[in-house]
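Source file: protein-v2.csv. Holds: CSV, C-alpha atoms.
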chain,number,residue,atom,x,y,z
A,1,MET,CA,37.9,277.5,115.2
A,2,LYS,CA,35.7,278.1,118.3
A,3,LYS,CA,36.3,274.5,119.6
A,4,THR,CA,40.1,275.1,119.2
A,5,TRP,CA,39.9,278.1,121.5
A,6,LEU,CA,37.9,276.0,124.0
A,7,LEU,CA,40.4,273.1,123.7
A,8,GLY,CA,43.2,275.7,124.3
A,9,PHE,CA,42.0,275.8,128.0
A,10,GLY,CA,43.6,272.3,128.4
A,11,PHE,CA,46.9,273.5,127.2
A,12,PHE,CA,46.4,276.7,129.2
A,13,SER,CA,46.0,274.8,132.4
A,14,ILE,CA,49.0,272.5,131.7
A,15,SER,CA,51.3,275.5,131.0
A,16,ILE,CA,50.2,277.3,134.1
A,17,THR,CA,50.7,274.3,136.3
A,18,TRP,CA,54.2,273.5,134.9
A,19,ALA,CA,55.3,277.1,135.1
A,20,LEU,CA,54.3,277.4,138.7
A,21,TYR,CA,55.8,274.0,139.5
A,22,ASN,CA,59.1,274.9,137.9
A,23,ALA,CA,59.2,278.3,139.5
A,24,PHE,CA,58.5,277.4,143.1
A,25,VAL,CA,59.1,273.7,143.8
A,26,PRO,CA,62.9,274.3,143.7
A,27,PHE,CA,62.4,276.5,146.8
A,28,PHE,CA,60.8,273.6,148.7
A,29,LEU,CA,63.7,271.2,147.6
A,30,ASP,CA,66.2,273.8,148.7
A,31,GLU,CA,65.0,273.3,152.3
A,32,PHE,CA,66.3,269.7,152.2
A,33,LEU,CA,69.0,269.5,149.6
A,34,THR,CA,72.3,271.4,149.6
A,35,SER,CA,73.3,270.2,146.1
A,36,THR,CA,72.0,272.4,143.2
A,37,ALA,CA,72.8,269.5,140.9
A,38,MET,CA,70.5,267.2,142.9
A,39,ILE,CA,67.7,269.8,142.9
A,40,GLY,CA,68.1,270.1,139.1
A,41,PHE,CA,67.9,266.3,138.8
A,42,MET,CA,64.7,266.2,140.9
A,43,MET,CA,63.2,268.8,138.7
A,44,THR,CA,63.6,266.5,135.6
A,45,ILE,CA,61.2,263.9,137.0
A,46,ASP,CA,58.5,265.1,134.5
A,47,ASN,CA,60.9,264.4,131.6
A,48,TYR,CA,61.5,260.8,132.7
A,49,PHE,CA,57.7,260.2,132.9
A,50,ALA,CA,57.3,261.8,129.5
A,51,LEU,CA,60.0,259.5,128.2
A,52,PHE,CA,58.5,256.3,129.3
A,53,LEU,CA,54.8,256.9,130.0
A,54,GLN,CA,53.6,259.4,127.4
A,55,PRO,CA,54.2,257.3,124.3
A,56,TRP,CA,52.4,254.4,126.0
A,57,ILE,CA,49.5,256.5,127.2
A,58,GLY,CA,49.2,258.1,123.7
A,59,ASN,CA,49.2,254.7,122.1
A,60,ARG,CA,46.6,253.4,124.7
A,61,SER,CA,44.3,256.4,124.0
A,62,ASP,CA,44.3,255.5,120.3
A,63,LYS,CA,42.9,252.1,121.1
A,64,THR,CA,40.4,253.3,123.8
A,65,VAL,CA,36.7,253.0,123.1
A,66,SER,CA,34.2,254.6,125.6
A,67,ARG,CA,31.1,256.7,125.6
A,68,PHE,CA,33.3,259.7,126.5
A,69,GLY,CA,35.5,259.1,123.5
A,70,ARG,CA,39.2,258.1,123.2
A,71,ARG,CA,41.0,260.9,125.0
A,72,MET,CA,38.4,262.3,127.5
A,73,PRO,CA,38.6,259.3,129.9
A,74,TYR,CA,42.3,260.1,130.5
A,75,LEU,CA,41.4,263.8,131.2
A,76,LEU,CA,38.6,262.8,133.6
A,77,ILE,CA,41.0,260.7,135.6
A,78,GLY,CA,44.2,262.6,135.3
A,79,MET,CA,43.2,266.2,135.8
A,80,PRO,CA,41.4,265.8,139.1
A,81,LEU,CA,44.3,263.7,140.4
A,82,ALA,CA,46.8,266.4,139.2
A,83,ALA,CA,44.8,269.1,140.9
A,84,LEU,CA,44.8,267.2,144.2
A,85,PHE,CA,48.5,266.4,144.2
A,86,VAL,CA,49.6,269.9,143.1
A,87,VAL,CA,47.7,271.3,146.1
A,88,LEU,CA,49.5,268.8,148.4
A,89,ILE,CA,53.0,269.7,147.3
A,90,PRO,CA,53.3,272.9,149.4
A,91,LEU,CA,51.7,271.1,152.3
A,92,HIS,CA,54.5,268.6,152.6
A,93,THR,CA,55.8,267.8,156.1
A,94,SER,CA,59.0,266.1,155.2
A,95,PHE,CA,61.4,265.5,152.3
A,96,LEU,CA,59.7,262.1,151.8
A,97,THR,CA,56.2,263.5,151.5
A,98,LEU,CA,57.5,266.3,149.2
A,99,ILE,CA,59.0,263.7,146.8
A,100,LEU,CA,55.9,261.5,147.0
A,101,PHE,CA,53.6,264.4,146.1
A,102,MET,CA,55.9,265.5,143.3
A,103,VAL,CA,56.0,261.9,141.8
A,104,LEU,CA,52.2,261.5,142.1
A,105,MET,CA,51.6,264.9,140.5
A,106,ASN,CA,53.9,264.0,137.6
A,107,LEU,CA,52.2,260.7,137.2
A,108,ALA,CA,48.8,262.3,137.0
A,109,MET,CA,50.0,264.9,134.5
A,110,SER,CA,51.4,262.1,132.3
A,111,LEU,CA,48.0,260.5,132.2
A,112,TYR,CA,46.4,263.3,130.3
A,113,ARG,CA,49.1,265.5,128.7
A,114,SER,CA,49.4,263.4,125.4
A,115,PRO,CA,45.6,262.8,125.2
A,116,THR,CA,44.9,266.5,125.7
A,117,ILE,CA,47.2,267.5,122.9
A,118,ALA,CA,45.9,264.7,120.7
A,119,LEU,CA,42.4,266.1,121.0
A,120,MET,CA,43.4,269.0,118.7
A,121,PRO,CA,44.0,266.9,115.6
A,122,ASP,CA,41.2,264.6,116.5
A,123,ILE,CA,38.6,267.4,116.2
A,124,THR,CA,40.5,269.5,113.6
A,125,PRO,CA,40.7,268.8,109.8
A,126,GLU,CA,44.3,268.3,108.6
A,127,ALA,CA,44.3,271.6,106.6
A,128,LYS,CA,43.6,273.7,109.8
A,129,ARG,CA,45.9,271.9,112.3
A,130,THR,CA,48.8,274.3,112.1
A,131,LYS,CA,46.5,277.2,112.8
A,132,ALA,CA,44.9,275.3,115.6
A,133,ASN,CA,48.3,274.4,117.1
A,134,GLY,CA,49.2,278.1,116.9
A,135,ILE,CA,46.1,278.9,118.9
A,136,ILE,CA,46.6,276.4,121.7
A,137,ASN,CA,50.3,277.3,122.0
A,138,PHE,CA,49.3,281.0,122.2
A,139,MET,CA,47.0,280.1,125.0
A,140,GLY,CA,49.7,278.1,126.6
A,141,GLY,CA,52.1,281.0,126.4
A,142,ILE,CA,49.6,283.3,127.9
A,143,GLY,CA,49.2,280.8,130.7
A,144,GLY,CA,52.9,280.9,131.3
A,145,ILE,CA,53.0,284.7,131.4
A,146,ILE,CA,50.1,284.8,133.9
A,147,ALA,CA,51.8,282.1,136.0
A,148,PHE,CA,55.0,284.1,136.3
A,149,GLY,CA,53.2,287.4,136.8
A,150,ALA,CA,50.5,286.5,139.2
A,151,GLY,CA,52.3,283.5,140.7
A,152,SER,CA,55.0,285.6,142.3
A,153,ALA,CA,52.4,287.8,144.1
A,154,LEU,CA,50.4,284.8,145.3
A,155,TYR,CA,53.6,283.0,146.5
A,156,GLY,CA,54.5,286.1,148.4
A,157,ALA,CA,51.2,286.1,150.2
A,158,ASN,CA,51.3,282.4,150.9
A,159,PRO,CA,53.4,279.6,149.3
A,160,SER,CA,50.3,277.4,148.9
A,161,PHE,CA,48.3,280.0,147.0
A,162,PRO,CA,49.9,279.5,143.5
A,163,PHE,CA,49.4,275.8,143.7
A,164,ILE,CA,45.7,276.2,144.8
A,165,ALA,CA,45.2,278.5,141.9
A,166,ALA,CA,46.7,276.0,139.5
A,167,ALA,CA,44.4,273.3,140.9
A,168,VAL,CA,41.3,275.5,140.5
A,169,ILE,CA,42.3,276.4,136.9
A,170,THR,CA,42.9,272.7,136.1
A,171,LEU,CA,39.4,271.8,137.3
A,172,LEU,CA,37.8,274.7,135.5
A,173,SER,CA,39.5,273.7,132.3
A,174,LEU,CA,38.3,270.1,132.7
A,175,PHE,CA,34.8,271.4,133.1
A,176,ILE,CA,35.1,273.5,130.0
A,177,LEU,CA,36.6,270.6,128.0
A,178,HIS,CA,34.0,268.0,129.2
A,179,ARG,CA,31.1,270.4,128.7
A,180,TYR,CA,31.9,271.7,125.2
A,181,ILE,CA,34.2,269.0,123.5
A,182,LYS,CA,32.3,265.9,122.6
A,183,GLU,CA,34.7,263.5,120.9
A,184,ASN,CA,32.1,261.2,119.5
A,185,ARG,CA,30.3,264.2,117.9
A,186,ASP,CA,33.2,266.5,117.1
A,187,SER,CA,35.9,264.0,115.8
A,188,VAL,CA,36.8,264.4,112.1
A,189,VAL,CA,37.5,260.7,111.8
A,190,PRO,CA,34.5,258.3,112.0
A,191,ALA,CA,34.9,255.8,114.9
A,192,ALA,CA,34.3,252.9,112.6
A,193,ALA,CA,37.3,253.8,110.5
A,194,GLU,CA,39.7,253.5,113.5
A,195,PRO,CA,41.4,250.1,113.9
A,196,ARG,CA,42.1,249.2,117.5
A,197,ARG,CA,45.5,247.6,117.0
A,198,ILE,CA,48.2,250.3,116.7
A,199,ARG,CA,51.8,249.4,117.5
A,200,LEU,CA,54.5,251.9,118.4
A,201,ARG,CA,57.1,250.1,116.3
A,202,GLY,CA,54.7,250.2,113.3
A,203,GLU,CA,54.8,254.0,113.3
A,204,LEU,CA,58.6,254.2,113.1
A,205,ASN,CA,58.9,254.4,109.3
A,206,ARG,CA,61.8,256.2,107.6
A,207,THR,CA,60.0,259.6,107.4
A,208,THR,CA,59.0,259.5,111.1
A,209,VAL,CA,62.5,258.5,112.3
A,210,LEU,CA,64.2,261.3,110.3
A,211,LEU,CA,61.6,263.8,111.5
A,212,LEU,CA,62.0,262.7,115.2
A,213,ALA,CA,65.7,263.1,114.8
A,214,ALA,CA,65.3,266.7,113.5
A,215,ILE,CA,62.9,267.4,116.4
A,216,PHE,CA,65.5,266.0,118.9
A,217,PHE,CA,68.3,268.2,117.6
A,218,TRP,CA,66.3,271.5,117.5
A,219,PHE,CA,65.1,270.8,121.0
A,220,VAL,CA,68.7,270.1,122.1
A,221,SER,CA,69.5,273.6,120.9
A,222,TYR,CA,66.5,275.2,122.4
A,223,GLN,CA,66.6,273.4,125.8
A,224,GLY,CA,70.3,274.1,126.2
A,225,VAL,CA,69.8,277.8,125.6
A,226,GLU,CA,66.8,278.0,127.8
A,227,SER,CA,68.4,276.2,130.7
A,228,LEU,CA,71.9,277.9,130.6
A,229,PHE,CA,71.2,281.4,129.2
A,230,THR,CA,71.0,283.1,132.5
A,231,LEU,CA,74.4,281.7,133.5
A,232,TYR,CA,75.7,282.8,130.0
A,233,GLY,CA,74.4,286.3,130.6
A,234,LYS,CA,75.9,286.5,134.1
A,235,HIS,CA,79.3,284.9,133.5
A,236,HIS,CA,80.0,285.8,129.8
A,237,LEU,CA,78.3,289.1,129.4
A,238,GLY,CA,78.6,290.3,133.0
A,239,LEU,CA,74.8,290.9,133.4
A,240,GLU,CA,73.0,290.9,136.7
A,241,GLU,CA,70.9,287.8,137.2
A,242,SER,CA,67.7,289.7,136.9
A,243,ALA,CA,68.8,291.4,133.7
A,244,ALA,CA,69.8,288.0,132.2
A,245,SER,CA,66.5,286.5,133.1
A,246,PHE,CA,64.6,289.5,131.8
A,247,SER,CA,66.5,289.3,128.5
A,248,LEU,CA,65.2,285.7,128.0
A,249,THR,CA,61.6,286.9,128.3
A,250,PHE,CA,62.0,288.6,124.9
A,251,PHE,CA,62.4,285.2,123.3
A,252,SER,CA,59.3,283.8,125.1
A,253,LEU,CA,57.2,286.9,124.5
A,254,PHE,CA,57.8,287.0,120.7
A,255,PHE,CA,57.2,283.3,120.5
A,256,VAL,CA,53.8,283.8,122.0
A,257,LEU,CA,53.1,286.8,119.8
A,258,PHE,CA,54.0,284.9,116.6
A,259,ALA,CA,52.4,281.6,117.6
A,260,ILE,CA,49.2,282.2,115.6
A,261,PRO,CA,50.9,283.9,112.6
A,262,SER,CA,53.3,281.0,112.3
A,263,GLY,CA,50.4,278.5,112.2
A,264,TRP,CA,48.9,280.6,109.3
A,265,LEU,CA,52.2,280.5,107.5
A,266,GLY,CA,52.4,276.7,107.9
A,267,ASN,CA,48.9,276.3,106.6
A,268,ARG,CA,49.6,278.7,103.6
A,269,PHE,CA,53.1,277.6,102.6
A,270,GLY,CA,53.5,274.1,104.1
A,271,LYS,CA,54.7,272.9,107.4
A,272,LYS,CA,58.1,271.8,106.2
A,273,LYS,CA,58.9,275.0,104.4
A,274,THR,CA,57.9,277.1,107.4
A,275,ILE,CA,60.0,274.9,109.7
A,276,LEU,CA,63.0,275.2,107.3
A,277,ILE,CA,62.7,279.0,107.5
A,278,GLY,CA,62.6,278.8,111.3
A,279,ILE,CA,65.7,276.5,111.5
A,280,CYS,CA,67.8,278.7,109.1
A,281,GLY,CA,66.7,281.9,110.9
A,282,LEU,CA,67.4,280.5,114.4
A,283,PHE,CA,70.8,279.1,113.3
A,284,LEU,CA,71.8,282.6,112.2
A,285,VAL,CA,70.5,284.1,115.5
A,286,PHE,CA,72.5,281.6,117.5
A,287,ALA,CA,75.6,282.0,115.4
A,288,VAL,CA,75.6,285.8,115.8
A,289,VAL,CA,74.8,286.0,119.5
A,290,PRO,CA,78.5,285.2,120.6
A,291,LEU,CA,79.6,288.3,118.7
A,292,VAL,CA,77.1,290.6,120.5
A,293,GLU,CA,78.4,292.7,123.4
A,294,THR,CA,75.4,295.1,124.1
A,295,VAL,CA,72.2,294.1,125.9
A,296,ALA,CA,70.0,296.0,123.4
A,297,VAL,CA,71.3,294.1,120.4
A,298,LEU,CA,71.1,290.8,122.4
A,299,ARG,CA,67.5,291.3,123.2
A,300,CYS,CA,66.6,292.2,119.6
A,301,LEU,CA,68.3,288.9,118.5
A,302,LEU,CA,66.4,287.0,121.1
A,303,ALA,CA,63.1,288.5,119.9
A,304,LEU,CA,63.9,287.4,116.4
A,305,GLY,CA,64.8,284.0,117.8
A,306,GLY,CA,61.4,283.7,119.4
A,307,ILE,CA,59.8,284.4,116.0
A,308,PHE,CA,61.8,281.7,114.3
A,309,TRP,CA,61.2,279.3,117.1
A,310,ALA,CA,57.5,279.8,116.7
A,311,CYS,CA,57.9,278.8,113.0
A,312,ILE,CA,59.5,275.6,114.1
A,313,ASN,CA,57.6,274.7,117.2
A,314,ILE,CA,54.1,275.5,116.1
A,315,ASN,CA,54.4,273.5,112.9
A,316,SER,CA,56.4,270.5,114.2
A,317,TYR,CA,53.7,268.6,116.0
A,318,PRO,CA,51.1,268.9,113.2
A,319,PHE,CA,53.9,267.8,110.8
A,320,VAL,CA,54.5,264.6,112.9
A,321,VAL,CA,50.8,263.9,112.9
A,322,SER,CA,50.5,264.5,109.1
A,323,THR,CA,53.1,261.9,108.3
A,324,GLY,CA,51.0,259.2,109.8
A,325,THR,CA,47.3,258.1,109.6
A,326,GLU,CA,44.4,259.5,111.5
A,327,ARG,CA,44.2,256.4,113.7
A,328,SER,CA,47.7,256.9,115.1
A,329,ILE,CA,47.3,260.5,116.4
A,330,GLY,CA,47.8,259.6,120.1
A,331,THR,CA,50.7,257.3,119.3
A,332,ARG,CA,52.5,260.0,117.3
A,333,THR,CA,51.8,262.6,120.0
A,334,GLY,CA,53.6,260.3,122.4
A,335,LEU,CA,56.5,259.9,120.0
A,336,TYR,CA,56.8,263.7,119.6
A,337,TYR,CA,57.1,264.1,123.4
A,338,LEU,CA,59.6,261.2,123.5
A,339,ALA,CA,61.9,263.1,121.2
A,340,SER,CA,61.5,266.4,123.0
A,341,SER,CA,61.9,264.8,126.4
A,342,LEU,CA,65.1,263.0,125.4
A,343,ALA,CA,66.5,266.4,124.3
A,344,ALA,CA,65.4,268.0,127.6
A,345,LEU,CA,67.2,265.3,129.6
A,346,SER,CA,70.4,265.3,127.6
A,347,SER,CA,70.9,268.8,126.4
A,348,PRO,CA,71.6,270.8,129.7
A,349,PRO,CA,74.2,268.3,131.1
A,350,LEU,CA,75.9,267.8,127.7
A,351,LEU,CA,76.2,271.5,126.9
A,352,GLY,CA,77.2,272.1,130.5
A,353,LEU,CA,80.2,269.8,130.0
A,354,VAL,CA,81.1,271.6,126.8
A,355,ILE,CA,80.9,275.0,128.6
A,356,ASP,CA,83.1,273.6,131.4
A,357,ARG,CA,85.7,272.6,128.8
A,358,PHE,CA,85.5,275.6,126.4
A,359,GLY,CA,83.8,278.4,128.2
A,360,TYR,CA,80.4,280.0,128.0
A,361,ALA,CA,81.0,281.3,124.4
A,362,SER,CA,80.6,277.7,123.3
A,363,LEU,CA,76.9,277.6,124.3
A,364,PHE,CA,75.5,279.3,121.2
A,365,VAL,CA,78.1,277.6,119.0
A,366,CYS,CA,76.7,274.3,120.1
A,367,ALA,CA,73.1,275.6,119.7
A,368,ALA,CA,73.9,276.7,116.2
A,369,GLY,CA,75.4,273.2,115.5
A,370,GLY,CA,72.3,271.5,116.8
A,371,MET,CA,70.2,273.6,114.4
A,372,LEU,CA,72.5,272.5,111.5
A,373,LEU,CA,72.0,268.8,112.4
A,374,ALA,CA,68.2,269.4,112.6
A,375,LEU,CA,68.3,271.0,109.1
A,376,LEU,CA,70.2,268.0,107.8
A,377,PHE,CA,67.7,265.5,109.0
A,378,LEU,CA,64.7,267.6,107.9
A,379,LEU,CA,66.1,268.0,104.4
A,380,MET,CA,66.1,264.1,104.2
A,381,VAL,CA,62.3,264.0,105.0
A,382,LYS,CA,60.5,263.8,101.6
A,383,HIS,CA,57.0,264.4,103.0
A,384,ASP,CA,55.9,268.0,102.4
A,385,GLY,CA,53.8,268.3,105.5
A,386,LYS,CA,50.8,269.4,103.6
A,387,THR,CA,48.8,266.2,103.4
A,388,ALA,CA,48.0,263.5,105.8
A,389,GLY,CA,49.3,260.0,105.2
A,390,VAL,CA,52.8,258.7,104.9
A,391,SER,CA,54.7,259.5,101.7
A,392,PRO,CA,55.8,256.8,99.3
A,393,ASP,CA,59.3,256.8,100.6
A,394,ALA,CA,58.2,256.1,104.1
A,395,ALA,CA,58.7,252.3,104.1
A,396,ARG,CA,59.3,250.6,107.3
A,397,PHE,CA,62.6,252.0,108.7
A,398,GLU,CA,65.4,249.5,108.6
A,399,GLY,CA,68.4,251.1,110.3

How does this structure look as structure tokens?
Amino acid sequence: MKKTWLLGFGFFSISITWALYNAFVPFFLDEFLTSTAMIGFMMTIDNYFALFLQPWIGNRSDKTVSRFGRRMPYLLIGMPLAALFVVLIPLHTSFLTLILFMVLMNLAMSLYRSPTIALMPDITPEAKRTKANGIINFMGGIGGIIAFGAGSALYGANPSFPFIAAAVITLLSLFILHRYIKENRDSVVPAAAEPRRIRLRGELNRTTVLLLAAIFFWFVSYQGVESLFTLYGKHHLGLEESAASFSLTFFSLFFVLFAIPSGWLGNRFGKKKTILIGICGLFLVFAVVPLVETVAVLRCLLALGGIFWACININSYPFVVSTGTERSIGTRTGLYYLASSLAALSSPPLLGLVIDRFGYASLFVCAAGGMLLALLFLLMVKHDGKTAGVSPDAARFEG
């Protein structure tokens, strides 16, 4: 698994960059915008790019042939551009230049995010992909923790320093990936066995559509809780803003700690079974939270939630890949991000409307409901998640 740890630097750099971007760019926008809703909208630019660009980029990378491999050309172009534009963001001189640099940085990130993730199954045998996904998510989680810890100190010294650090880490990660990951040497699929024509619509068989629907609904639950929990803690539980934010770190911390073990569980017992355990567990956590009135019990539940979320999230991407063929890894990576990005765009405003109508107690009721819908769709998936290739029931979806 040595190459998996090396590949993890790609996910590590992506996580650090996004964490710093999400933490500090709102401060720059606040200088020009008085509407919090508008600031929130501007911060969703990445999800719109993920929605439209990442499936296409993933599909293009499946069909790319070069001396560097299928995915590496996108990294060689996208990562230096992202490093450049992330440095320029704090150097903006007007609202127009700030938006320009934000858009260009998001475009550059969209060029290489799907190909970077697709490299994992490219160079990893199917039987080891859940463990490998656990490793790269562990490194991504560590990157996020470092970003929030060191990023605040760097920002205090100079607002440009966190963005310069993100750029340096991105370039160092590119050097490591280019130096040690050789696609034409390390790929588990012979190049001659990879047809060049791969259509997005051709991948939307019954199994894939049902699985993407399940992914959408569990991300609706997760994204809604992640986005609105601090407000829930403040207005429903009466917590200080810092206490509410700190409580949510229990969820993130235990997700990181359980990332590698959940990959082992998926490999040992099957991706689908492990995800089912995670969905049922997280449903119970979300259902119980509205009954909790003490911070200590709340944080224990959030820690359990992080463990169950790891069971879901670590195994879901390898599950999507395993229901297709080896030639469609990049395309399926893009479809995975399409489902999660749709959830990220729709969940916060929809759950916000429900909260406006029924109060903050409805947040976790809706989150539990989303998990039930995800469970329903996943139970209709016949593929066991253990072997590559589409199951016999996965005929072309005709809805």

Do a neighbour search on stretch 61-78 of chain A at 8 Å with all atoms listed in the file, toss out local chain neighbours closer than 4 positions, and write the hits as a PDB file with C-alpha atoms, in the coordinates of the input.
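around.pdb, freshly written:
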ATOM      1  CA  ILE A  57      49.500 256.500 127.200  1.00  0.00           C
ATOM      2  CA  ALA A  82      46.800 266.400 139.200  1.00  0.00           C
ATOM      3  CA  ALA A 108      48.800 262.300 137.000  1.00  0.00           C
ATOM      4  CA  MET A 109      50.000 264.900 134.500  1.00  0.00           C
ATOM      5  CA  SER A 110      51.400 262.100 132.300  1.00  0.00           C
ATOM      6  CA  LEU A 111      48.000 260.500 132.200  1.00  0.00           C
ATOM      7  CA  TYR A 112      46.400 263.300 130.300  1.00  0.00           C
ATOM      8  CA  PRO A 115      45.600 262.800 125.200  1.00  0.00           C
ATOM      9  CA  THR A 116      44.900 266.500 125.700  1.00  0.00           C
ATOM     10  CA  ALA A 118      45.900 264.700 120.700  1.00  0.00           C
ATOM     11  CA  LEU A 119      42.400 266.100 121.000  1.00  0.00           C
ATOM     12  CA  LEU A 174      38.300 270.100 132.700  1.00  0.00           C
ATOM     13  CA  HIS A 178      34.000 268.000 129.200  1.00  0.00           C
ATOM     14  CA  LYS A 182      32.300 265.900 122.600  1.00  0.00           C
ATOM     15  CA  GLU A 183      34.700 263.500 120.900  1.00  0.00           C
ATOM     16  CA  ASN A 184      32.100 261.200 119.500  1.00  0.00           C
ATOM     17  CA  PRO A 195      41.400 250.100 113.900  1.00  0.00           C
ATOM     18  CA  ARG A 196      42.100 249.200 117.500  1.00  0.00           C
ATOM     19  CA  ARG A 197      45.500 247.600 117.000  1.00  0.00           C
ATOM     20  CA  ILE A 198      48.200 250.300 116.700  1.00  0.00           C
ATOM     21  CA  ARG A 327      44.200 256.400 113.700  1.00  0.00           C
ATOM     22  CA  SER A 328      47.700 256.900 115.100  1.00  0.00           C
ATOM     23  CA  ILE A 329      47.300 260.500 116.400  1.00  0.00           C
ATOM     24  CA  GLY A 330      47.800 259.600 120.100  1.00  0.00           C
ATOM     25  CA  THR A 331      50.700 257.300 119.300  1.00  0.00           C
TER      26      THR A 331
END

Nearest residue to A:Thr333 out of A:Phe377, A:Phe251, A:Phe11, A:Trp56, using only C-alpha atoms?
A:Trp56

Return as AutoDock Vina command-line options the box centre and box size in Å, one decimal, for an axis-aligned box around all listed atoms of stretch 25-35 of chain A padded by 5 Å per side.
--center_x 66.2 --center_y 273.0 --center_z 148.0 --size_x 24.2 --size_y 17.0 --size_z 18.6

From A:Ile312, A:Ile145, A:Ile164, A:Ile307, residue lying nearest A:Thr249 [only C-alpha atoms]:
A:Ile145

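Interatomic distance, atom CA of A:Ile89 against atom CA of A:Val25: 8.1 Å.
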
Could you give me, as a ChimeraX atom specification, the residues that sit within 9 Å of (70.2, 282.5, 118.6) in the file's coordinates, counting all atoms listed in the file?
/A:225,281-290,301-302,304-306,364,367-368

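Coordinates place atom CA of A:Phe32 at a distance of 25.8 Å from atom CA of A:Glu226.
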
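Shortest separation to A:Val168 among A:Ser13, A:Ser340, A:Ser346, A:Ser252 occurs at residue A:Ser13, atoms counted being only C-alpha atoms.
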
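Closest approach to A:Leu211 from the set A:Ala296, A:Ala303, A:Leu376, A:Val87 is made by A:Leu376, with distances taken over only C-alpha atoms.
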